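Student: Structure supplied as coords.txt; contents: compact mmCIF, C-alpha atoms.
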```txt
# COMPACT_ATOMS: atom_id res chain seq x y z
CA MET G 1 68.92 79.15 195.58
CA GLY G 2 65.85 79.99 193.48
CA GLU G 3 65.71 78.61 189.95
CA TRP G 4 69.44 78.04 189.51
CA PRO G 5 69.27 74.25 189.95
CA LEU G 6 66.73 74.10 187.11
CA ILE G 7 68.72 76.56 184.98
CA LEU G 8 71.87 74.45 185.28
CA PHE G 9 70.04 71.14 184.87
CA THR G 10 68.18 72.14 181.72
CA VAL G 11 71.24 73.65 180.03
CA LEU G 12 73.55 70.76 180.95
CA SER G 13 71.03 68.07 180.03
CA GLN G 14 70.41 69.72 176.67
CA LEU G 15 74.16 69.91 176.05
CA VAL G 16 74.28 66.14 176.58
CA VAL G 17 71.32 65.55 174.26
CA GLY G 18 72.99 67.55 171.50
CA ALA G 19 76.38 65.94 172.07
CA VAL G 20 75.23 62.32 172.00
CA GLY G 21 73.16 63.04 168.89
CA THR G 22 76.13 64.71 167.19
CA LEU G 23 78.41 61.82 168.08
CA TRP G 24 75.94 59.30 166.70
CA LEU G 25 75.63 61.27 163.44
CA LEU G 26 79.42 61.43 163.09
CA GLU G 27 79.70 57.67 163.41
CA THR G 28 76.66 56.96 161.24
CA LEU G 29 77.54 59.28 158.36
CA GLY G 30 81.28 58.67 158.45
CA LYS G 31 83.72 55.97 159.42
CA PRO G 32 83.74 54.75 163.05
CA LEU G 33 85.83 56.89 165.36
CA LYS G 34 88.61 55.43 167.43
CA GLY G 35 87.38 53.98 170.69
CA GLN G 36 90.12 55.75 172.64
CA ALA G 37 88.69 59.08 171.43
CA VAL G 38 85.00 58.25 171.89
CA LYS G 39 85.22 56.64 175.32
CA PRO G 40 86.37 59.71 177.29
CA LEU G 41 83.82 61.83 175.41
CA VAL G 42 80.93 59.56 176.39
CA GLY G 43 82.35 59.31 179.90
CA SER G 44 82.26 63.10 180.18
CA LEU G 45 78.60 63.08 179.07
CA VAL G 46 77.78 60.57 181.82
CA ILE G 47 79.39 62.90 184.37
CA ILE G 48 77.63 66.01 183.00
CA LEU G 49 74.17 64.42 182.92
CA GLY G 50 74.64 62.71 186.28
CA GLY G 51 75.80 65.99 187.77
CA GLY G 52 72.87 67.83 186.21
CA LEU G 53 70.39 65.38 187.70
CA LEU G 54 71.99 65.75 191.13
CA ILE G 55 71.92 69.55 190.85
CA SER G 56 68.21 69.43 189.97
CA LEU G 57 67.49 67.79 193.34
CA PHE G 58 68.35 71.03 195.12
CA HIS G 59 65.22 72.58 193.65
CA LEU G 60 63.12 70.13 195.66
CA GLY G 61 62.00 70.86 199.17
CA HIS G 62 63.00 67.33 200.20
CA PRO G 63 65.77 66.01 197.89
CA LEU G 64 65.78 62.61 199.60
CA LEU G 65 62.21 62.06 198.40
CA ALA G 66 63.15 62.66 194.77
CA PHE G 67 62.05 59.14 193.83
CA ARG G 68 58.46 60.32 194.17
CA ALA G 69 59.00 62.46 191.06
CA ILE G 70 58.34 59.42 188.86
CA THR G 71 55.12 58.32 190.54
CA ASN G 72 52.80 60.22 188.17
CA LEU G 73 53.90 59.00 184.76
CA GLY G 74 50.33 58.86 183.48
CA SER G 75 49.62 62.55 184.02
CA SER G 76 52.86 64.44 184.71
CA TRP G 77 55.44 65.57 182.17
CA LEU G 78 57.80 66.18 185.09
CA SER G 79 57.64 62.48 185.99
CA ARG G 80 58.28 61.54 182.36
CA GLU G 81 61.19 63.97 182.16
CA VAL G 82 62.86 62.50 185.24
CA LEU G 83 62.33 58.92 184.06
CA LEU G 84 63.55 59.54 180.50
CA PHE G 85 66.67 61.40 181.58
CA SER G 86 67.41 58.65 184.11
CA ILE G 87 67.08 56.06 181.33
CA THR G 88 69.33 58.22 179.15
CA LEU G 89 71.96 58.19 181.89
CA VAL G 90 71.80 54.39 182.12
CA LEU G 91 72.05 54.07 178.32
CA LEU G 92 75.08 56.38 178.27
CA VAL G 93 76.78 54.18 180.87
CA LEU G 94 76.02 51.12 178.72
CA TYR G 95 77.23 53.03 175.66
CA TYR G 96 80.48 53.80 177.49
CA MET G 97 80.92 50.14 178.40
CA LYS G 98 80.17 49.07 174.82
CA ILE G 99 82.85 51.23 173.22
CA SER G 100 85.66 49.28 171.60
CA ASP G 101 87.39 49.36 168.23
CA ALA G 102 86.50 45.70 167.70
CA GLU G 103 82.72 46.27 167.80
CA PRO G 104 81.84 49.64 166.21
CA ASN G 105 78.38 48.55 165.01
CA GLY G 106 77.25 47.55 168.49
CA ARG G 107 78.22 50.87 169.98
CA LYS G 108 76.62 52.69 167.03
CA ALA G 109 73.29 50.98 167.81
CA MET G 110 73.63 51.86 171.49
CA GLY G 111 74.47 55.45 170.56
CA GLY G 112 71.38 55.64 168.36
CA LEU G 113 69.16 54.34 171.16
CA ALA G 114 70.68 56.76 173.66
CA SER G 115 70.17 59.63 171.20
CA LEU G 116 66.51 58.75 170.68
CA VAL G 117 65.69 58.47 174.38
CA ALA G 118 67.66 61.66 175.08
CA LEU G 119 65.61 63.53 172.48
CA LEU G 120 62.37 62.24 174.02
CA ALA G 121 63.63 63.35 177.43
CA LEU G 122 64.34 66.83 176.07
CA ILE G 123 60.83 67.08 174.61
CA ALA G 124 59.32 65.93 177.90
CA SER G 125 61.41 68.56 179.69
CA ALA G 126 60.08 71.28 177.37
CA LEU G 127 56.49 70.13 177.83
CA VAL G 128 56.85 70.60 181.59
CA TYR G 129 56.90 74.33 180.84
CA THR G 130 54.27 74.43 178.09
CA LEU G 131 51.59 75.80 180.37
CA PRO G 132 48.43 77.54 179.07
CA ALA G 133 48.29 79.49 182.33
CA ARG G 134 51.52 81.25 181.35
CA SER G 135 50.98 82.79 177.96
CA ALA G 136 54.69 83.23 177.27
CA TRP G 137 55.18 79.46 177.64
CA GLY G 138 51.87 78.11 176.36
CA ASN G 139 53.14 77.41 172.85
CA LEU G 140 55.74 75.40 170.94
CA TYR G 141 58.58 77.82 171.64
CA PRO G 142 59.88 76.13 174.83
CA THR G 143 60.35 72.93 172.81
CA PHE G 144 61.94 74.86 169.94
CA PHE G 145 64.42 76.70 172.16
CA PHE G 146 65.35 73.59 174.15
CA ILE G 147 66.12 71.77 170.88
CA MET G 148 68.13 74.75 169.64
CA THR G 149 70.21 74.77 172.84
CA ALA G 150 71.05 71.12 172.19
CA ALA G 151 71.77 71.79 168.52
CA ILE G 152 74.19 74.63 169.32
CA LEU G 153 76.02 73.33 172.39
CA GLY G 154 76.21 69.66 171.37
CA PRO G 155 78.18 70.03 168.11
CA LEU G 156 80.51 72.59 169.68
CA TYR G 157 81.24 70.32 172.65
CA VAL G 158 81.86 67.25 170.49
CA GLY G 159 83.98 69.24 168.04
CA LEU G 160 86.08 70.73 170.83
CA PHE G 161 86.52 67.40 172.61
CA LEU G 162 87.46 65.37 169.53
CA SER G 163 89.67 68.07 168.01
CA ARG G 164 91.83 67.93 171.13
CA GLN G 165 92.49 64.28 170.26
CA GLU G 166 92.82 64.95 166.52
CA GLU G 167 89.89 62.64 165.85
CA LEU G 168 87.32 64.83 164.12
CA PRO G 169 86.24 63.48 160.70
CA PHE G 170 84.48 66.68 159.69
CA ASN G 171 83.93 70.11 161.17
CA THR G 172 80.91 70.22 163.49
CA ALA G 173 81.06 73.99 164.01
CA PRO G 174 78.86 74.84 160.97
CA LEU G 175 76.09 72.72 162.52
CA ALA G 176 76.22 74.91 165.61
CA GLY G 177 76.41 78.07 163.51
CA THR G 178 73.33 77.11 161.53
CA ALA G 179 71.46 76.28 164.73
CA ALA G 180 72.50 79.63 166.25
CA LEU G 181 71.15 81.46 163.20
CA ILE G 182 67.85 79.54 163.31
CA SER G 183 67.59 80.13 167.06
CA GLY G 184 68.14 83.88 166.66
CA ILE G 185 65.52 84.16 163.92
CA GLY G 186 63.15 82.06 166.01
CA PHE G 187 63.60 84.37 168.97
CA ILE G 188 62.76 87.42 166.87
CA LEU G 189 59.55 85.69 165.77
CA TYR G 190 58.86 84.73 169.39
CA LEU G 191 59.20 88.34 170.55
CA SER G 192 56.84 89.51 167.79
CA LEU G 193 54.34 86.87 168.93
CA LEU G 194 54.57 88.07 172.53
CA LEU G 195 54.19 91.73 171.56
CA LYS G 196 50.98 90.92 169.67
CA GLY G 197 49.57 88.66 172.37
CA THR G 198 47.93 89.11 175.75
CA PRO G 199 48.94 91.91 178.14
CA GLU G 200 50.96 89.31 180.07
CA SER G 201 52.79 88.25 176.90
CA TYR G 202 53.42 91.87 175.97
CA GLN G 203 54.91 92.57 179.39
CA THR G 204 57.08 89.47 179.10
CA ALA G 205 58.54 90.81 175.85
CA LEU G 206 59.26 94.16 177.51
CA ASN G 207 60.88 92.41 180.48
CA LEU G 208 63.09 90.41 178.15
CA MET G 209 64.18 93.32 175.96
CA GLY G 210 64.69 95.57 178.98
CA SER G 211 67.19 93.18 180.54
CA ALA G 212 70.94 93.57 180.04
CA SER G 213 71.16 89.77 180.13
CA PHE G 214 69.01 89.59 177.00
CA TRP G 215 71.40 91.74 174.98
CA ALA G 216 74.44 89.93 176.36
CA ARG G 217 72.83 86.68 175.35
CA ALA G 218 72.04 88.01 171.86
CA VAL G 219 75.72 88.83 171.35
CA LEU G 220 77.17 85.67 172.93
CA ASN G 221 74.59 83.21 171.65
CA TRP G 222 73.70 84.44 168.18
CA LEU G 223 75.64 87.38 166.74
CA LEU G 224 79.24 86.42 167.54
CA PRO G 225 78.93 82.65 166.83
CA ALA G 226 77.02 83.20 163.59
CA GLY G 227 79.45 85.92 162.49
CA ILE G 228 82.61 83.94 163.30
CA LEU G 229 81.34 80.77 161.66
CA LEU G 230 79.99 82.60 158.62
CA ALA G 231 83.36 84.30 158.12
CA ALA G 232 85.15 80.94 158.39
CA SER G 233 82.73 79.41 155.90
CA LEU G 234 83.19 82.22 153.37
CA LYS G 235 86.96 81.99 153.69
CA LYS G 236 86.71 78.17 153.52
CA THR G 237 88.91 77.84 156.58
CA LYS G 238 88.55 75.29 159.36
CA VAL G 239 87.69 76.59 162.82
CA ASN G 240 90.71 75.93 165.03
CA GLN G 241 90.67 74.51 168.53
CA SER G 242 91.07 77.82 170.37
CA THR G 243 88.21 79.36 168.38
CA LEU G 244 86.03 76.33 169.12
CA ALA G 245 86.80 76.70 172.82
CA ALA G 246 85.91 80.40 172.74
CA LEU G 247 82.69 79.70 170.84
CA PHE G 248 81.67 76.96 173.26
CA LEU G 249 82.31 79.16 176.29
CA MET G 250 80.41 82.10 174.76
CA VAL G 251 77.42 79.98 173.84
CA LEU G 252 77.36 78.21 177.20
CA ILE G 253 77.31 81.54 179.05
CA GLY G 254 74.70 82.86 176.64
CA GLU G 255 72.46 79.84 177.17
CA VAL G 256 72.70 80.16 180.95
CA LEU G 257 71.76 83.85 180.69
CA GLY G 258 68.88 83.01 178.39
CA ARG G 259 67.60 80.27 180.67
CA GLU G 260 67.73 82.59 183.67
CA LEU G 261 65.57 85.04 181.72
CA PHE G 262 63.25 82.19 180.72
CA TYR G 263 62.45 81.68 184.39
CA SER G 264 62.77 85.16 185.86
CA ALA G 265 60.62 87.08 183.37
CA THR G 266 57.70 84.69 183.73
CA VAL G 267 57.96 84.32 187.49
CA ALA G 268 57.93 88.11 187.87
CA LEU G 269 54.71 88.31 185.84
CA LYS G 270 53.10 85.65 187.94
CA VAL G 271 53.91 87.47 191.16
CA ALA G 272 52.74 90.80 189.76
CA GLY G 273 49.42 89.28 188.77
CA LEU G 274 48.57 88.03 192.25
```
Kindly present the structure from the file in structure tokens form.

Tutor:
Amino acid sequence: MGEWPLILFTVLSQLVVGAVGTLWLLETLGKPLKGQAVKPLVGSLVIILGGGLLISLFHLGHPLLAFRAITNLGSSWLSREVLLFSITLVLLVLYYMKISDAEPNGRKAMGGLASLVALLALIASALVYTLPARSAWGNLYPTFFFIMTAAILGPLYVGLFLSRQEELPFNTAPLAGTAALISGIGFILYLSLLLKGTPESYQTALNLMGSASFWARAVLNWLLPAGILLAASLKKTKVNQSTLAALFLMVLIGEVLGRELFYSATVALKVAGL
């Protein structure tokens, strides 16, 4: 099964981080959303994160011993990642239970707490991969790209979900478009850093640019979303539901392709260096 459990877990968990943060911002900056619209959205995030955590177990040699993953909190970012995402899942369940039209402030506070812990979990997840021994990862870029995944997928997911119920106070698509543009620029800078770095970093850049998945990701993740959303912004038109669905699907596929490259390029270098 290789790295696919980790690929799916990281992408899905980051989607959840971005979505819960977007939802909290919507309710904080605008009027409270209807509980009947928010509840199924939060419920879907519980399912996605819970499913992601279960999928991640298949990367372990002994999934039934997964509880041992949190036994090294003092020294292991992996342990902190598992604990923080588990807490996030519990908070999302409590958030779901707290949702009602009669008590919007209480659910807003719970949403804020869930957003904060989710962000900390994402950072811990990125720091698992910030390894000096792997020059392509031994920098701030894993954290940057994990945050960008959340910032692109989250607003698109929330926008798509709430637009289906006609409960979207303002368009979230430009948030995703801005994040896609920043992510694309960041990746160009990242490649330039790799090309100027160690021989291992240089080879990583060549591996990335030589992969068809890289160019597919560039189109699906950056060029098309940024172009579509920029055109909508210039025309001052609202992105409709079908376009949101297409954007979300494109970006999701692009992120999965990018995460597969994140693992495969570096693993190949490690094997070649043995």

Student: Considering all atoms listed in the file, state which residue in the set G:Leu91, G:Ala133, G:Val117, G:Val158 is at the smallest distance from Thr198 in chain G.

Tutor: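 Answer, going by the shortest atom-to-atom distance: G:Ala133.
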
Student: For the interface of range 83-128 of chain G with range 23-44 of chain G (cut-off 8 Å, counting all atoms listed in the file), please tabulate each contacting residue of range 83-128 of chain G alongside its nearest pair of atoms and their separation in Å to one decimal, rows sorted by chain and increasing number, as CSV.

Tutor:
```
residue,atom,partner,partner_atom,distance
G:Leu92,CA,G:Val42,CA,6.9
G:Val93,CA,G:Gly43,CA,7.6
G:Tyr95,CA,G:Val42,CA,7.5
G:Tyr96,CA,G:Val42,CA,5.9
G:Ile99,CA,G:Gly35,CA,5.9
G:Ser100,CA,G:Gly35,CA,5.1
G:Asp101,CA,G:Gly35,CA,5.2
G:Pro104,CA,G:Pro32,CA,6.3
G:Lys108,CA,G:Trp24,CA,6.7
G:Gly111,CA,G:Trp24,CA,5.6
G:Gly112,CA,G:Trp24,CA,6.1
G:Ser115,CA,G:Trp24,CA,7.3
```

Student: Do you have the CA of Leu244 in chain G-CA of Leu160 in chain G distance handy?

Tutor: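 Here the two named atoms are 5.9 Å from each other.
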
Student: For each of G:Gly186, G:Pro155, G:Gly197, G:Gly138, take the minimum atom-to-atom distance to Val20 in chain G, counting only C-alpha atoms, then give the residue where this is smallest.

Tutor: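 Ranked by minimum distance to Val20 in chain G, first place goes to G:Pro155.
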
Student: Quick one: pull the distance between CA of Leu234 in chain G and CA of Val256 in chain G, Å, one decimal.

Tutor: 29.6 Å

Student: Rounded to one decimal, what separation in Å do you get between CA of Phe146 in chain G and CA of Met97 in chain G?

Tutor: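 So the answer is 28.5 Å.
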
Student: Every residue with an atom at most 10 Å from (56.6, 82.4, 167.7) (file coordinates; all atoms listed in the file) is what I'm after, so could you write them as a ChimeraX atom specification?

Tutor: /G:136,139-141,144,185-194

Student: Output range 93-233 of chain G from the block with C-alpha atoms, as a PDB file, in the first residue's frame?

Tutor:
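Writing done, so here's part-v4.pdb:
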```
ATOM      1  CA  VAL G  93     -18.125  16.007  17.800  1.00  0.00           C
ATOM      2  CA  LEU G  94     -18.805  18.435  20.669  1.00  0.00           C
ATOM      3  CA  TYR G  95     -19.175  21.247  18.137  1.00  0.00           C
ATOM      4  CA  TYR G  96     -21.731  19.153  16.259  1.00  0.00           C
ATOM      5  CA  MET G  97     -23.662  18.500  19.464  1.00  0.00           C
ATOM      6  CA  LYS G  98     -23.538  22.192  20.396  1.00  0.00           C
ATOM      7  CA  ILE G  99     -25.095  23.441  17.171  1.00  0.00           C
ATOM      8  CA  SER G 100     -28.512  25.009  17.592  1.00  0.00           C
ATOM      9  CA  ASP G 101     -30.141  28.237  16.460  1.00  0.00           C
ATOM     10  CA  ALA G 102     -30.898  29.109  20.084  1.00  0.00           C
ATOM     11  CA  GLU G 103     -27.236  29.214  21.165  1.00  0.00           C
ATOM     12  CA  PRO G 104     -25.051  30.597  18.341  1.00  0.00           C
ATOM     13  CA  ASN G 105     -22.423  32.111  20.653  1.00  0.00           C
ATOM     14  CA  GLY G 106     -21.721  28.805  22.370  1.00  0.00           C
ATOM     15  CA  ARG G 107     -21.147  27.001  19.115  1.00  0.00           C
ATOM     16  CA  LYS G 108     -19.012  29.903  17.864  1.00  0.00           C
ATOM     17  CA  ALA G 109     -16.701  29.480  20.877  1.00  0.00           C
ATOM     18  CA  MET G 110     -16.528  25.732  20.296  1.00  0.00           C
ATOM     19  CA  GLY G 111     -15.794  26.327  16.619  1.00  0.00           C
ATOM     20  CA  GLY G 112     -12.980  28.706  17.529  1.00  0.00           C
ATOM     21  CA  LEU G 113     -11.440  26.174  19.910  1.00  0.00           C
ATOM     22  CA  ALA G 114     -11.725  23.395  17.328  1.00  0.00           C
ATOM     23  CA  SER G 115     -10.115  25.663  14.708  1.00  0.00           C
ATOM     24  CA  LEU G 116      -7.187  26.493  16.991  1.00  0.00           C
ATOM     25  CA  VAL G 117      -6.461  22.883  17.949  1.00  0.00           C
ATOM     26  CA  ALA G 118      -6.867  21.809  14.314  1.00  0.00           C
ATOM     27  CA  LEU G 119      -4.289  24.394  13.230  1.00  0.00           C
ATOM     28  CA  LEU G 120      -1.864  23.183  15.908  1.00  0.00           C
ATOM     29  CA  ALA G 121      -2.439  19.617  14.703  1.00  0.00           C
ATOM     30  CA  LEU G 122      -1.636  20.654  11.135  1.00  0.00           C
ATOM     31  CA  ILE G 123       1.602  22.328  12.238  1.00  0.00           C
ATOM     32  CA  ALA G 124       2.571  19.239  14.237  1.00  0.00           C
ATOM     33  CA  SER G 125       1.845  17.124  11.154  1.00  0.00           C
ATOM     34  CA  ALA G 126       4.140  19.305   9.037  1.00  0.00           C
ATOM     35  CA  LEU G 127       6.917  19.185  11.628  1.00  0.00           C
ATOM     36  CA  VAL G 128       6.894  15.383  11.419  1.00  0.00           C
ATOM     37  CA  TYR G 129       8.409  15.842   7.959  1.00  0.00           C
ATOM     38  CA  THR G 130      10.751  18.748   8.705  1.00  0.00           C
ATOM     39  CA  LEU G 131      13.830  16.549   8.818  1.00  0.00           C
ATOM     40  CA  PRO G 132      17.391  17.927   8.443  1.00  0.00           C
ATOM     41  CA  ALA G 133      18.436  14.538   7.060  1.00  0.00           C
ATOM     42  CA  ARG G 134      16.232  15.165   4.019  1.00  0.00           C
ATOM     43  CA  SER G 135      17.279  18.454   2.524  1.00  0.00           C
ATOM     44  CA  ALA G 136      14.081  18.855   0.509  1.00  0.00           C
ATOM     45  CA  TRP G 137      12.052  18.741   3.733  1.00  0.00           C
ATOM     46  CA  GLY G 138      14.434  20.342   6.220  1.00  0.00           C
ATOM     47  CA  ASN G 139      12.894  23.808   5.970  1.00  0.00           C
ATOM     48  CA  LEU G 140       9.626  25.683   6.507  1.00  0.00           C
ATOM     49  CA  TYR G 141       8.101  24.610   3.204  1.00  0.00           C
ATOM     50  CA  PRO G 142       6.306  21.477   4.499  1.00  0.00           C
ATOM     51  CA  THR G 143       4.463  23.705   6.985  1.00  0.00           C
ATOM     52  CA  PHE G 144       3.759  26.307   4.296  1.00  0.00           C
ATOM     53  CA  PHE G 145       2.357  23.790   1.814  1.00  0.00           C
ATOM     54  CA  PHE G 146       0.255  21.977   4.428  1.00  0.00           C
ATOM     55  CA  ILE G 147      -1.303  25.318   5.427  1.00  0.00           C
ATOM     56  CA  MET G 148      -1.898  26.192   1.775  1.00  0.00           C
ATOM     57  CA  THR G 149      -3.679  22.869   1.197  1.00  0.00           C
ATOM     58  CA  ALA G 150      -6.013  23.731   4.070  1.00  0.00           C
ATOM     59  CA  ALA G 151      -6.483  27.289   2.802  1.00  0.00           C
ATOM     60  CA  ILE G 152      -7.440  26.107  -0.696  1.00  0.00           C
ATOM     61  CA  LEU G 153      -9.562  23.031   0.006  1.00  0.00           C
ATOM     62  CA  GLY G 154     -11.320  24.318   3.142  1.00  0.00           C
ATOM     63  CA  PRO G 155     -13.046  27.395   1.663  1.00  0.00           C
ATOM     64  CA  LEU G 156     -14.022  25.478  -1.477  1.00  0.00           C
ATOM     65  CA  TYR G 157     -15.559  22.650   0.555  1.00  0.00           C
ATOM     66  CA  VAL G 158     -17.483  24.992   2.854  1.00  0.00           C
ATOM     67  CA  GLY G 159     -18.622  27.136  -0.067  1.00  0.00           C
ATOM     68  CA  LEU G 160     -19.814  24.106  -2.017  1.00  0.00           C
ATOM     69  CA  PHE G 161     -21.577  22.559   0.973  1.00  0.00           C
ATOM     70  CA  LEU G 162     -23.378  25.713   2.108  1.00  0.00           C
ATOM     71  CA  SER G 163     -24.279  26.870  -1.404  1.00  0.00           C
ATOM     72  CA  ARG G 164     -26.203  23.630  -1.872  1.00  0.00           C
ATOM     73  CA  GLN G 165     -28.374  24.738   1.055  1.00  0.00           C
ATOM     74  CA  GLU G 166     -28.493  28.383  -0.053  1.00  0.00           C
ATOM     75  CA  GLU G 167     -26.838  29.418   3.201  1.00  0.00           C
ATOM     76  CA  LEU G 168     -23.633  31.153   2.124  1.00  0.00           C
ATOM     77  CA  PRO G 169     -23.325  34.731   3.469  1.00  0.00           C
ATOM     78  CA  PHE G 170     -20.401  35.602   1.220  1.00  0.00           C
ATOM     79  CA  ASN G 171     -18.410  33.913  -1.502  1.00  0.00           C
ATOM     80  CA  THR G 172     -15.560  31.800  -0.107  1.00  0.00           C
ATOM     81  CA  ALA G 173     -14.086  30.984  -3.521  1.00  0.00           C
ATOM     82  CA  PRO G 174     -11.822  34.083  -3.659  1.00  0.00           C
ATOM     83  CA  LEU G 175     -10.167  32.891  -0.434  1.00  0.00           C
ATOM     84  CA  ALA G 176      -9.272  29.642  -2.161  1.00  0.00           C
ATOM     85  CA  GLY G 177      -8.164  31.474  -5.301  1.00  0.00           C
ATOM     86  CA  THR G 178      -5.839  33.733  -3.332  1.00  0.00           C
ATOM     87  CA  ALA G 179      -4.401  30.735  -1.491  1.00  0.00           C
ATOM     88  CA  ALA G 180      -3.878  28.895  -4.796  1.00  0.00           C
ATOM     89  CA  LEU G 181      -1.969  31.878  -6.181  1.00  0.00           C
ATOM     90  CA  ILE G 182       0.199  32.139  -3.053  1.00  0.00           C
ATOM     91  CA  SER G 183       0.800  28.382  -3.110  1.00  0.00           C
ATOM     92  CA  GLY G 184       1.875  28.454  -6.761  1.00  0.00           C
ATOM     93  CA  ILE G 185       4.287  31.335  -6.188  1.00  0.00           C
ATOM     94  CA  GLY G 186       5.602  29.578  -3.094  1.00  0.00           C
ATOM     95  CA  PHE G 187       6.262  26.424  -5.072  1.00  0.00           C
ATOM     96  CA  ILE G 188       8.253  28.341  -7.682  1.00  0.00           C
ATOM     97  CA  LEU G 189      10.402  29.779  -4.882  1.00  0.00           C
ATOM     98  CA  TYR G 190      10.715  26.301  -3.373  1.00  0.00           C
ATOM     99  CA  LEU G 191      11.980  24.852  -6.659  1.00  0.00           C
ATOM    100  CA  SER G 192      14.521  27.663  -6.990  1.00  0.00           C
ATOM    101  CA  LEU G 193      15.710  26.900  -3.451  1.00  0.00           C
ATOM    102  CA  LEU G 194      16.106  23.209  -4.281  1.00  0.00           C
ATOM    103  CA  LEU G 195      17.980  23.923  -7.516  1.00  0.00           C
ATOM    104  CA  LYS G 196      20.483  26.079  -5.626  1.00  0.00           C
ATOM    105  CA  GLY G 197      20.876  23.660  -2.731  1.00  0.00           C
ATOM    106  CA  THR G 198      22.656  20.374  -2.113  1.00  0.00           C
ATOM    107  CA  PRO G 199      22.991  17.713  -4.827  1.00  0.00           C
ATOM    108  CA  GLU G 200      20.114  15.859  -3.145  1.00  0.00           C
ATOM    109  CA  SER G 201      17.922  18.971  -3.260  1.00  0.00           C
ATOM    110  CA  TYR G 202      18.854  19.576  -6.888  1.00  0.00           C
ATOM    111  CA  GLN G 203      17.906  16.023  -7.812  1.00  0.00           C
ATOM    112  CA  THR G 204      14.614  16.397  -5.950  1.00  0.00           C
ATOM    113  CA  ALA G 205      13.766  19.428  -8.088  1.00  0.00           C
ATOM    114  CA  LEU G 206      14.591  17.473 -11.252  1.00  0.00           C
ATOM    115  CA  ASN G 207      12.471  14.545 -10.066  1.00  0.00           C
ATOM    116  CA  LEU G 208       9.547  16.872  -9.420  1.00  0.00           C
ATOM    117  CA  MET G 209       9.737  18.753 -12.710  1.00  0.00           C
ATOM    118  CA  GLY G 210      10.307  15.541 -14.660  1.00  0.00           C
ATOM    119  CA  SER G 211       7.077  14.001 -13.404  1.00  0.00           C
ATOM    120  CA  ALA G 212       3.839  14.221 -15.378  1.00  0.00           C
ATOM    121  CA  SER G 213       2.028  14.406 -12.035  1.00  0.00           C
ATOM    122  CA  PHE G 214       3.812  17.672 -11.271  1.00  0.00           C
ATOM    123  CA  TRP G 215       2.497  19.364 -14.412  1.00  0.00           C
ATOM    124  CA  ALA G 216      -0.981  17.924 -13.919  1.00  0.00           C
ATOM    125  CA  ARG G 217      -0.928  19.283 -10.405  1.00  0.00           C
ATOM    126  CA  ALA G 218       0.247  22.704 -11.618  1.00  0.00           C
ATOM    127  CA  VAL G 219      -2.751  22.901 -13.950  1.00  0.00           C
ATOM    128  CA  LEU G 220      -5.357  21.478 -11.561  1.00  0.00           C
ATOM    129  CA  ASN G 221      -4.101  23.106  -8.382  1.00  0.00           C
ATOM    130  CA  TRP G 222      -2.876  26.525  -9.459  1.00  0.00           C
ATOM    131  CA  LEU G 223      -3.426  27.601 -13.063  1.00  0.00           C
ATOM    132  CA  LEU G 224      -7.066  26.641 -13.624  1.00  0.00           C
ATOM    133  CA  PRO G 225      -8.406  27.654 -10.170  1.00  0.00           C
ATOM    134  CA  ALA G 226      -6.537  30.961 -10.177  1.00  0.00           C
ATOM    135  CA  GLY G 227      -7.616  31.688 -13.762  1.00  0.00           C
ATOM    136  CA  ILE G 228     -11.285  30.823 -13.222  1.00  0.00           C
ATOM    137  CA  LEU G 229     -11.535  32.783  -9.985  1.00  0.00           C
ATOM    138  CA  LEU G 230      -9.623  35.760 -11.372  1.00  0.00           C
ATOM    139  CA  ALA G 231     -11.968  35.900 -14.366  1.00  0.00           C
ATOM    140  CA  ALA G 232     -15.000  35.760 -12.057  1.00  0.00           C
ATOM    141  CA  SER G 233     -13.531  38.521  -9.908  1.00  0.00           C
TER     142      SER G 233
END
```
